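A.B. asks: Quick one: this structure, given as structure tokens, is what I'll be asking you about.
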Protein chains: 2
Amino acid sequence: MLDDRKLAVLRAIVEDYVSTNEPVGSKALVDRHNLGVSPATIRNDMAVLEEQGYIAQPHTSAGRIPTDKGYRLFVDRLSTVKPLSAAERRAIETFLSGAYDLDDVVGRTVRLLAQLTRQVAVVQYPSLTRSSVRHVELVPVAAQRLLLVLITNTGRVEQRVIETSNDVSEDSITHLRALLNTCLDGCRLGDVPTAVADLPAQVPFEDRAVAAAVLSVLLETLVENHDEKIVFAGAANLAAVDFSQGLRQVLEALEEQVVLMRLLGEVGDSSNTLTVRIGTENPDEGLQSTSVVAAGYGVGNQTLARLGVLGPTRMDYPGTMGAVRAVARYVGQILAGS
Amino acid sequence: MLDDRKLAVLRAIVEDYVSTNEPVGSKALVDRHNLGVSPATIRNDMAVLEEQGYIAQPHTSAGRIPTDKGYRLFVDRLSTVKPLSAAERRAIETFLSGAYDLDDVVGRTVRLLAQLTRQVAVVQYPSLTRSSVRHVELVPVAAQRLLLVLITNTGRVEQRVIETSNDVSEDSITHLRALLNTCLDGCRLGDVPTAVADLPAQVPFEDRAVAAAVLSVLLETLVENHDEKIVFAGAANLAAVDFSQGLRQVLEALEEQVVLMRLLGEVGDSSNTLTVRIGTENPDEGLQSTSVVAAGYGVGNQTLARLGVLGPTRMDYPGTMGAVRAVARYVGQILAGS
DNA sequence: AATTGGCACTCAGAGGGAGGGAGTGCCAAA
DNA sequence: TTTGGCACTCCCTCCCTCTGAGTGCCAATT
């Protein structure tokens with residue numbers, strides 16, 4: 001349907017439009033790329049491309065700009081992910097390895113990605129349900145108050161206060177703590193509910209109430225954190241772009257956790273897969289003039305969460321995809337190493 | 001120097017300009033406010049006000065707009081903080097009391113303040129150095145790995161992993177934990193260094209190395225967190241405003257922790273004091289066309305951190321100040337109650 | 001059948017008055 | 001000190017023209 005030259009033309013249009021932000025005409029095309037044919041020929045090709053919906057003209061007698069469908073074809077068949085330079089890789093590595101804390105890792109990552117791509121970066125905290133228990137701690141902080149601390153293999157720490165109806169002895173706590181840790185050590189958080197199901201049966205009768213309270217808080221913690229935390233950075237980079245639907249809508253969308261969630265997409269099990277969502281492919285109303293490049297990251301081949309970049313549809317896809325992929329890999333390494 | 005009527009004129013100019021976003025002329029003034037004099041009189045007054053630098057004209061034959069100096073006078077002498085309506089107070093209270101976590105309190109606060117004022121809200125996490133120790137916990141997580149958990153009276157929880165050079169017995173840990181808690185219970189974090197100074201002397205010789213490791217990590221934690229965490233929300237509200245220096249600069253400034261820090265100002269000991277910084281009074285380059293309304297918040301009469309709002313100099317100062325003050329008070333209450 | 005040069009046509013955007021109108025400063029009178 | 005009158009200033013808007021990049025189509029060429 002589309003011969004090689006027409007594809008080359010589309011590629012050239014996308015590249016030129018991305019770099020100049022102006023509709024590209026037939027003459028400009030043959031000047032900048034040596035296509036070996038005349039402008040008239042290109043015009044014929046462009047007419048076909050337009051008919052098929054890959055490009056459009058803002059008005060009669062202007063050059064062409066790619067449509068969402070055009071970008072899609074470009075991403076799928078006409079471009080390759082552009083690897084980062086050695087210097088960039090080194091910069092990423094040193095910057096990320098300076099982190100001392102999960103918060104810090106995520107914070108550095110999101111800033112790094114924003115700077116690298118000059119767009120808005122979005123990073124999701126590693127999923128609780130997919131990571132596993134490294135340690136559970138139970139601490140008495142007052143007469144009828146316990147603190148439950150949960151440490152995961154991704155370095156995430158959750159804590160909750162538990163109110164008990166009567167005093168609990170030091171021994172009971174020690175016993176309960178030991179039980180919890182035997183039950184849960186290495187256990188995937190998603191499996192915690194089943195793992196603790198028969199735990200109450202193992203505690204002496206007088207401690208049942210306490211055990212129940214602890215378990216209910218523990219399970220509640222897992223549920224509450226099902227809606228994951230997400231952060232973004234680089235909003236200033238949006239100011240340089242002009243959106244058809246207005247900057248405001250985009251900023252508003254960015255401040256909605258739920259929208260950000262949907263934006264990054266599902267956490268599939270296949271790690272390292274780059275997802276690109278272009279313009280109207282985007283589920284959210286306010287983001288129909290933006291594109292999202294996202295990838296999963298995690299430890300080993302286990303995807304724990306996703307991160308990505310949001311920018312105008314008129315975006316350097318190969319470069320952005322390269323940056324997202326690289327950062328996702330390095331974050332995985334950092335998490336594994338910590 | 002300025003008689004009552006001239007002040008009234010300035011007040012009217014500020015109010016009109018804030019609500020209409022258009023230079024206000026002498027005729028419009030007498031129409032909207034019943035000043036009881038003719039436009040010509042007002043013109044004379046305005047000439048004086050302009051000469052003194054309180055107002056300016058964008059061009060000849062346009063109305064006047066307040067200068068930063070004019071806003072300053074308005075805030076200092078011509079306006080009173082506008083209390084929130086009962087409904088608003090209730091909304092704040094119910095919204096904030098739903099929080100279950102320090103992160104959640106701060107997150108809710110910043111979103112609430114942004115929505116209430118329709119501007120950018122900035123909230124600083126409660127200072128570590130000014131809060132005090134509620135509990136210290138020491139948890140073995142692996143053979144040569146301890147976890148130090150520090151819980152403050154503001155609900156903040158810090159944790160750090162400690163690597164030890166040799167194995168540590170359960171007993172040693174229990175002993176060390178007890179020692180730490182006796183030393184530190186209720187101790188202001190700023191006083192921790194002196195409080196633990198003679199602690200190593202109290203542990204048996206074979207545990208000295210471990211104690212030293214723990215203490216060094218503990219002190220390090222306090223220092224690291226001296227640069228406090230700050231969050232903001234409501235960037236979308238900026239899009240509605242047009243800044244002379246460009247939205248971009250403002251957004252960039254907002255993403256710099258350091259700038260945000262300076263923006264809120266020093267944490268003075270006098271709680272509840274509203275600080276207003278107008279336009280060029282602002283230290284930061286990119287924020288010279290914005291104003292900041294900030295207040296301290298804390299538990300009791302102890303200021304733990306600050307929060308505030310950033311918007312265009314053309315801002316509803318009485319309303320914004322009311323909202324900031326109210327939110328600061330409620331956050332303090334929530335923190336005290338949790 | 002594909003490619004090419006030629007040519008008329010279209011239309012966004014820049015540039016340039018013209019007119020309206022809001023607002024001012026100044027002055028003389030009350 | 002206040003007021004009405006008046007001439008003046010200039011920003012903004014509307015409208016017009018003109019230019020030029022870019023197009024579609026057609027007939028000629030390969």
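Naming scheme: A, B, ... for chains in displayed order of the structure tokens; residues 1 onward per chain; ligands 1 onward as shown.
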Residues of chain A were defined as contacting chain B if any atom lay at most 8 Å from it, counting only C-alpha atoms; please report them as an mmCIF file with N, CA and C atoms, in the first residue's frame.
C.D. replies:
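Result file selection_3.cif:
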data_model
loop_
_atom_site.group_PDB
_atom_site.id
_atom_site.type_symbol
_atom_site.label_atom_id
_atom_site.label_comp_id
_atom_site.auth_asym_id
_atom_site.auth_seq_id
_atom_site.Cartn_x
_atom_site.Cartn_y
_atom_site.Cartn_z
ATOM 1 N N ARG A 134 10.523 -8.271 53.821
ATOM 2 C CA ARG A 134 11.876 -8.534 54.300
ATOM 3 C C ARG A 134 11.846 -8.699 55.822
ATOM 4 N N HIS A 135 11.031 -7.888 56.463
ATOM 5 C CA HIS A 135 10.967 -7.985 57.914
ATOM 6 C C HIS A 135 9.700 -7.312 58.433
ATOM 7 N N GLU A 137 8.176 -5.758 62.081
ATOM 8 C CA GLU A 137 8.553 -5.431 63.448
ATOM 9 C C GLU A 137 7.344 -4.922 64.226
ATOM 10 N N VAL A 139 6.471 -2.905 67.764
ATOM 11 C CA VAL A 139 7.121 -2.116 68.801
ATOM 12 C C VAL A 139 6.097 -1.513 69.745
ATOM 13 N N VAL A 141 4.872 1.308 71.909
ATOM 14 C CA VAL A 141 5.254 2.709 72.072
ATOM 15 C C VAL A 141 4.558 3.343 73.267
ATOM 16 N N VAL A 157 9.279 1.186 53.482
ATOM 17 C CA VAL A 157 8.938 0.940 54.875
ATOM 18 C C VAL A 157 7.577 1.539 55.166
ATOM 19 N N ALA A 233 7.741 15.472 37.778
ATOM 20 C CA ALA A 233 8.609 16.646 37.804
ATOM 21 C C ALA A 233 8.791 17.164 36.392
ATOM 22 N N GLY A 234 9.208 18.393 36.285
ATOM 23 C CA GLY A 234 9.507 18.955 34.969
ATOM 24 C C GLY A 234 8.361 19.708 34.348
ATOM 25 N N ALA A 235 7.386 20.101 35.165
ATOM 26 C CA ALA A 235 6.241 20.826 34.625
ATOM 27 C C ALA A 235 6.673 22.074 33.865
ATOM 28 N N ALA A 236 7.804 22.635 34.281
ATOM 29 C CA ALA A 236 8.276 23.849 33.608
ATOM 30 C C ALA A 236 8.530 23.597 32.127
ATOM 31 N N ASN A 237 8.893 22.363 31.798
ATOM 32 C CA ASN A 237 9.166 22.058 30.398
ATOM 33 C C ASN A 237 7.929 22.161 29.527
ATOM 34 N N ALA A 239 5.806 24.577 29.651
ATOM 35 C CA ALA A 239 5.528 25.970 29.338
ATOM 36 C C ALA A 239 6.065 26.342 27.966
ATOM 37 N N ALA A 240 7.102 25.640 27.529
ATOM 38 C CA ALA A 240 7.704 25.956 26.244
ATOM 39 C C ALA A 240 6.806 25.502 25.084
ATOM 40 N N LEU A 247 -2.615 24.645 28.200
ATOM 41 C CA LEU A 247 -1.685 24.135 29.196
ATOM 42 C C LEU A 247 -2.412 23.751 30.477
ATOM 43 N N ARG A 248 -3.404 24.528 30.782
ATOM 44 C CA ARG A 248 -4.111 24.334 32.042
ATOM 45 C C ARG A 248 -4.644 22.909 32.201
ATOM 46 N N GLN A 249 -5.311 22.443 31.173
ATOM 47 C CA GLN A 249 -5.869 21.092 31.246
ATOM 48 C C GLN A 249 -4.800 20.057 31.519
ATOM 49 N N VAL A 250 -3.665 20.224 30.862
ATOM 50 C CA VAL A 250 -2.596 19.254 31.046
ATOM 51 C C VAL A 250 -2.099 19.287 32.490
ATOM 52 N N LEU A 251 -1.889 20.486 33.001
ATOM 53 C CA LEU A 251 -1.422 20.605 34.376
ATOM 54 C C LEU A 251 -2.428 20.017 35.347
ATOM 55 N N GLU A 252 -3.689 20.272 35.072
ATOM 56 C CA GLU A 252 -4.715 19.721 35.960
ATOM 57 C C GLU A 252 -4.676 18.198 35.965
ATOM 58 N N GLU A 255 -2.048 16.672 38.093
ATOM 59 C CA GLU A 255 -2.187 16.710 39.546
ATOM 60 C C GLU A 255 -3.169 15.680 40.079
#
A.B. asks: Compile a residue-level contact table for chain B against chain C at a cut-off of 12 Å, reporting for every qualifying residue the shortest atom pair and its distance in Å to one decimal, with only C-alpha atoms (C1' of nucleotides) counted, rows ordered by chain and ascending number, as a Markdown table.
C.D. replies:
| residue | atom | partner | partner_atom | distance |
| --- | --- | --- | --- | --- |
| B:Glu22 | CA | C:DA22 | C1' | 11.9 |
| B:Pro23 | CA | C:DG23 | C1' | 10.1 |
| B:Val24 | CA | C:DG23 | C1' | 9.3 |
| B:Gly25 | CA | C:DG23 | C1' | 6.4 |
| B:Ser26 | CA | C:DG23 | C1' | 7.9 |
| B:Lys27 | CA | C:DG23 | C1' | 8.6 |
| B:Ala28 | CA | C:DA22 | C1' | 10.1 |
| B:Pro39 | CA | C:DG23 | C1' | 10.9 |
| B:Ala40 | CA | C:DT24 | C1' | 10.1 |
| B:Ile42 | CA | C:DT24 | C1' | 11.7 |
| B:Arg43 | CA | C:DT24 | C1' | 8.2 |
| B:Asn44 | CA | C:DG25 | C1' | 9.3 |
| B:Met46 | CA | C:DT24 | C1' | 10.7 |
| B:Ala47 | CA | C:DG25 | C1' | 9.3 |
| B:Gln57 | CA | C:DT24 | C1' | 10.3 |
| B:Pro58 | CA | C:DG23 | C1' | 11.9 |
| B:His59 | CA | C:DG23 | C1' | 10.3 |
| B:Thr60 | CA | C:DT24 | C1' | 7.2 |
| B:Ser61 | CA | C:DG23 | C1' | 4.6 |
| B:Ala62 | CA | C:DG23 | C1' | 5.4 |
| B:Gly63 | CA | C:DG23 | C1' | 6.3 |
| B:Arg64 | CA | C:DG23 | C1' | 9.6 |
A.B. asks: Show me, as number ranges by chain, every residue of chain D with an atom at most 10 Å from chain B, counting only C-alpha atoms (C1' of nucleotides).
C.D. replies: D: 1-4, 8-11
A.B. asks: Got time to write the residues from that selection, C-alpha atoms (C1' of nucleotides), as an mmCIF file, in the first residue's frame?
C.D. replies:
data_model
loop_
_atom_site.group_PDB
_atom_site.id
_atom_site.type_symbol
_atom_site.label_atom_id
_atom_site.label_comp_id
_atom_site.auth_asym_id
_atom_site.auth_seq_id
_atom_site.Cartn_x
_atom_site.Cartn_y
_atom_site.Cartn_z
ATOM 1 C "C1'" DT D 1 -10.027 72.344 47.957
ATOM 2 C "C1'" DT D 2 -13.160 70.762 44.708
ATOM 3 C "C1'" DT D 3 -15.274 70.744 40.301
ATOM 4 C "C1'" DG D 4 -16.682 70.890 35.255
ATOM 5 C "C1'" DC D 8 -4.747 65.695 24.036
ATOM 6 C "C1'" DT D 9 -2.686 61.055 24.043
ATOM 7 C "C1'" DC D 10 -2.336 56.492 22.517
ATOM 8 C "C1'" DC D 11 -3.884 51.672 22.958
#
A.B. asks: Using only C-alpha atoms for the distances, tell me which of A:Leu184, A:Leu35, A:Leu116, A:Leu102 is nearest to Gly308 of chain A.
C.D. replies: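 Smallest distance to Gly308 of chain A is found for A:Leu116.
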A.B. asks: In segment 130-289 of chain B, what's alpha helix (DSSP H) per DSSP? Answer as a PyMOL selection string?
C.D. replies: chain B and resi 170-184+192-195+208-224+247-254+257-264
A.B. asks: Got a sec to tell me which of segment 70-124 of chain B DSSP assigns to strand (DSSP E), as number ranges by chain?
C.D. replies: B: 120-124
A.B. asks: How would the residues just picked look written out with N, CA and C atoms as a CSV table (one decimal), in the first residue's frame?
C.D. replies:
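Generated output (selection-v2.csv):
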chain,number,residue,atom,x,y,z
B,120,VAL,N,-1.1,28.5,43.9
B,120,VAL,CA,-0.2,27.4,44.2
B,120,VAL,C,0.1,27.4,45.7
B,121,ALA,N,-0.1,26.2,46.3
B,121,ALA,CA,0.2,26.0,47.7
B,121,ALA,C,1.5,25.3,47.9
B,122,VAL,N,2.2,25.7,49.0
B,122,VAL,CA,3.5,25.2,49.3
B,122,VAL,C,3.5,24.8,50.8
B,123,VAL,N,3.8,23.5,51.1
B,123,VAL,CA,3.9,23.1,52.5
B,123,VAL,C,5.2,22.4,52.8
B,124,GLN,N,5.8,22.8,53.9
B,124,GLN,CA,7.0,22.3,54.3
B,124,GLN,C,6.7,21.2,55.4
A.B. asks: Quick one: everything within 10 Å of segment 298-301 of chain A, counting only C-alpha atoms (C1' of nucleotides), minus sequence neighbours fewer than 5 positions away in the same chain. Send it as a compact mmCIF listing (two decimals) with C-alpha atoms, in the first residue's frame.
C.D. replies:
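And here's around20.txt as it stands now:
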# COMPACT_ATOMS: atom_id res chain seq x y z
CA PRO A 126 7.45 0.35 43.54
CA SER A 127 4.28 -1.64 44.06
CA ARG A 130 4.35 -7.22 44.07
CA SER A 131 7.27 -6.84 46.39
CA ASN A 153 12.64 -6.00 49.63
CA THR A 154 12.38 -2.78 47.63
CA ASP A 269 4.71 -8.76 33.89
CA SER A 270 6.97 -8.33 30.90
CA SER A 271 9.60 -5.94 32.14
CA ASN A 272 11.41 -3.41 29.97
CA ARG A 306 6.25 1.97 35.87
CA ALA A 328 14.14 2.23 33.82
CA ARG A 329 17.04 -0.21 33.64
CA TYR A 330 19.29 1.75 35.94
CA VAL A 331 16.58 2.23 38.53
CA GLY A 332 16.06 -1.51 38.51
CA GLN A 333 19.74 -2.04 39.14
CA ILE A 334 19.80 0.47 41.97
CA LEU A 335 16.81 -1.14 43.64
CA ALA A 336 18.33 -4.58 43.31
CA GLY A 337 21.60 -3.40 44.77
A.B. asks: Applying 9 Å and only C-alpha atoms (C1' of nucleotides), which residues near Gly53 of chain B remain after dropping the ones on its own chain fewer than 5 positions away? List them as a ChimeraX atom specification.
C.D. replies: /B:48,66-70
A.B. asks: Export N, CA and C atoms of the chosen residues as a PDB file, in the first residue's frame?
C.D. replies:
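Below is the file result17.pdb, written as the result:
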ATOM      1  N   VAL B  48      -1.101  62.306  42.968  1.00  0.00           N
ATOM      2  CA  VAL B  48      -0.243  62.269  44.152  1.00  0.00           C
ATOM      3  C   VAL B  48       0.234  60.850  44.439  1.00  0.00           C
ATOM      4  N   PRO B  66      -1.830  49.180  40.818  1.00  0.00           N
ATOM      5  CA  PRO B  66      -0.991  49.321  42.012  1.00  0.00           C
ATOM      6  C   PRO B  66       0.431  48.863  41.722  1.00  0.00           C
ATOM      7  N   THR B  67       1.400  49.494  42.336  1.00  0.00           N
ATOM      8  CA  THR B  67       2.774  48.989  42.293  1.00  0.00           C
ATOM      9  C   THR B  67       2.966  48.050  43.482  1.00  0.00           C
ATOM     10  N   ASP B  68       4.123  47.405  43.546  1.00  0.00           N
ATOM     11  CA  ASP B  68       4.406  46.544  44.692  1.00  0.00           C
ATOM     12  C   ASP B  68       4.298  47.354  45.980  1.00  0.00           C
ATOM     13  N   LYS B  69       4.801  48.582  45.912  1.00  0.00           N
ATOM     14  CA  LYS B  69       4.744  49.441  47.087  1.00  0.00           C
ATOM     15  C   LYS B  69       3.290  49.711  47.487  1.00  0.00           C
ATOM     16  N   GLY B  70       2.436  49.865  46.447  1.00  0.00           N
ATOM     17  CA  GLY B  70       1.021  50.082  46.714  1.00  0.00           C
ATOM     18  C   GLY B  70       0.386  48.884  47.405  1.00  0.00           C
TER      19      GLY B  70
END
A.B. asks: Show which residues sit within 12 Å of Ser85 of chain A, as a PyMOL selection string. Count only C-alpha atoms (C1' of nucleotides), and ignore same-chain residues fewer than 4 positions away.
C.D. replies: chain A and resi 89-92+116+319+322-323+326
A.B. asks: Of the residues B:Asp3, B:Asp185, B:Glu228, B:Asp207, which is the one nearest to Leu128 of chain B, using only C-alpha atoms?
C.D. replies: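 Closest to Leu128 of chain B of all the choices is B:Glu228.
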